[in-house]
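Visitor: Encoded as structure tokens, here's the structure I'll be asking about.
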Amino acid sequence: MSAHTTEALSNRALRKADAPHCDRCDAVCCRLTVVLMPEDNVPPRFTTHNEYGVAVMARDNEGWCVAIDQGRMCCSIYEQRPSICRKFPMAGPGCREVRNEYLDRRQRGIPLVMY
């Protein structure tokens with residue numbers, strides 16, 4: 001096997017190992033603003049209105065979605081999660097962008113921000 005082929009295979013393996021997966025993530029997407037749609041059936045105790053009067057998922061004092069089960073870092077209302085959460089594909093462009101920014105900020109010691 002050539003050195004070029006070995007390097008290409010090694011790079012592909014590293015990318016696959018580093019690919020975002022919900023089971024190995026810090027639930028960074030659970031810090032994004034989640035706008036609720038009329039068809040969403042989220043229990044009202046998990047919702048609020050932002051400063052513009054738009055219905056959104058509520059957040060705790062640290063910016064996390066209040067529906068997250070912080071012990072397991074997963075959605076406690078998964079079957080009733082908002083449509084925008086259903087459409088946010090794991091490892092999709094939005095996921096990768098938010099995750100990469102989070103990892104970069106974490107490596108540099110910069111605190112998390114709310115989106």
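Chain labels run A, B, ... following the order of the structure tokens; each chain numbers its residues from 1, and ligands are numbered from 1 in the order shown.
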Taking the chain letters and numbering used in this document, name the residues of stretch 9-113 of chain A that DSSP puts in strand (DSSP E), as a ChimeraX atom specification.

Guide: /A:47-49,55-57,68-69,74-75

Visitor: Those same residues, written as a PDB file, in the first residue's frame with N, CA and C atoms?

Guide:
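As a result, out.pdb now contains:
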ATOM      1  N   THR A  47     -42.107  25.605  27.910  1.00  0.00           N
ATOM      2  CA  THR A  47     -42.108  26.689  26.925  1.00  0.00           C
ATOM      3  C   THR A  47     -42.170  28.066  27.593  1.00  0.00           C
ATOM      4  N   THR A  48     -41.824  29.060  26.813  1.00  0.00           N
ATOM      5  CA  THR A  48     -41.908  30.451  27.245  1.00  0.00           C
ATOM      6  C   THR A  48     -42.019  31.308  25.988  1.00  0.00           C
ATOM      7  N   HIS A  49     -42.018  32.613  26.157  1.00  0.00           N
ATOM      8  CA  HIS A  49     -42.003  33.536  25.015  1.00  0.00           C
ATOM      9  C   HIS A  49     -40.760  34.406  25.142  1.00  0.00           C
ATOM     10  N   ALA A  55     -43.027  32.125  20.704  1.00  0.00           N
ATOM     11  CA  ALA A  55     -43.009  30.936  21.553  1.00  0.00           C
ATOM     12  C   ALA A  55     -41.723  30.148  21.300  1.00  0.00           C
ATOM     13  N   VAL A  56     -40.994  29.865  22.380  1.00  0.00           N
ATOM     14  CA  VAL A  56     -39.722  29.139  22.302  1.00  0.00           C
ATOM     15  C   VAL A  56     -39.646  28.130  23.435  1.00  0.00           C
ATOM     16  N   MET A  57     -38.694  27.216  23.323  1.00  0.00           N
ATOM     17  CA  MET A  57     -38.411  26.316  24.435  1.00  0.00           C
ATOM     18  C   MET A  57     -37.744  27.142  25.525  1.00  0.00           C
ATOM     19  N   ILE A  68     -34.061  19.024  28.685  1.00  0.00           N
ATOM     20  CA  ILE A  68     -32.951  18.072  28.688  1.00  0.00           C
ATOM     21  C   ILE A  68     -32.863  17.381  30.040  1.00  0.00           C
ATOM     22  N   ASP A  69     -32.644  16.084  29.995  1.00  0.00           N
ATOM     23  CA  ASP A  69     -32.376  15.297  31.194  1.00  0.00           C
ATOM     24  C   ASP A  69     -30.870  15.420  31.406  1.00  0.00           C
ATOM     25  N   CYS A  74     -29.892  13.837  27.485  1.00  0.00           N
ATOM     26  CA  CYS A  74     -30.783  13.516  26.379  1.00  0.00           C
ATOM     27  C   CYS A  74     -32.128  14.206  26.619  1.00  0.00           C
ATOM     28  N   CYS A  75     -32.928  14.265  25.602  1.00  0.00           N
ATOM     29  CA  CYS A  75     -34.210  14.958  25.661  1.00  0.00           C
ATOM     30  C   CYS A  75     -35.228  14.161  26.481  1.00  0.00           C
TER      31      CYS A  75
END

Visitor: If we count only C-alpha atoms and set the cut-off at 8 Å, which residues sit around A:Phe46, ignoring sequence neighbours fewer than 3 positions away in its own chain? Please answer as a ChimeraX atom specification.

Guide: /A:42-43,57-58,66-67

Visitor: Restricting the calculation to only C-alpha atoms, which member of A:Cys30, A:Lys87, A:Arg99, A:Val35 is positioned closest to A:Asp60?

Guide: A:Cys30

Visitor: Find the distance between atom CA of A:Asn100 and atom CA of A:Arg81 and write it in Å to one decimal.

Guide: 24.0 Å

Visitor: Quick one, how far is atom CA of A:Tyr52 from atom CA of A:Phe88?

Guide: 23.3 Å

Visitor: Tell me, in Å to one decimal, how far atom CA of A:Ser76 is from atom CA of A:Val34.

Guide: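 Between atom CA of A:Ser76 and atom CA of A:Val34 the gap is 15.2 Å.
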
Visitor: Compare A:Arg96, A:Asn41, A:Glu79, A:Leu36 by their minimum atom-to-atom distance to A:Gly53, counting only C-alpha atoms, and give me the closest one.

Guide: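 The closest residue to A:Gly53 is A:Leu36.
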
Visitor: Which is closer to A:Cys65 than all the others in A:Met90, A:Glu39, A:Glu101, A:Val28, using only C-alpha atoms?

Guide: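 Nearest candidate to A:Cys65 out of A:Met90, A:Glu39, A:Glu101, A:Val28: A:Val28.
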
Visitor: Between A:Ile110, A:Asp104, A:Arg45, A:Asn61, which residue has the minimum interatomic distance to A:Arg31, considering only C-alpha atoms?

Guide: A:Asn61
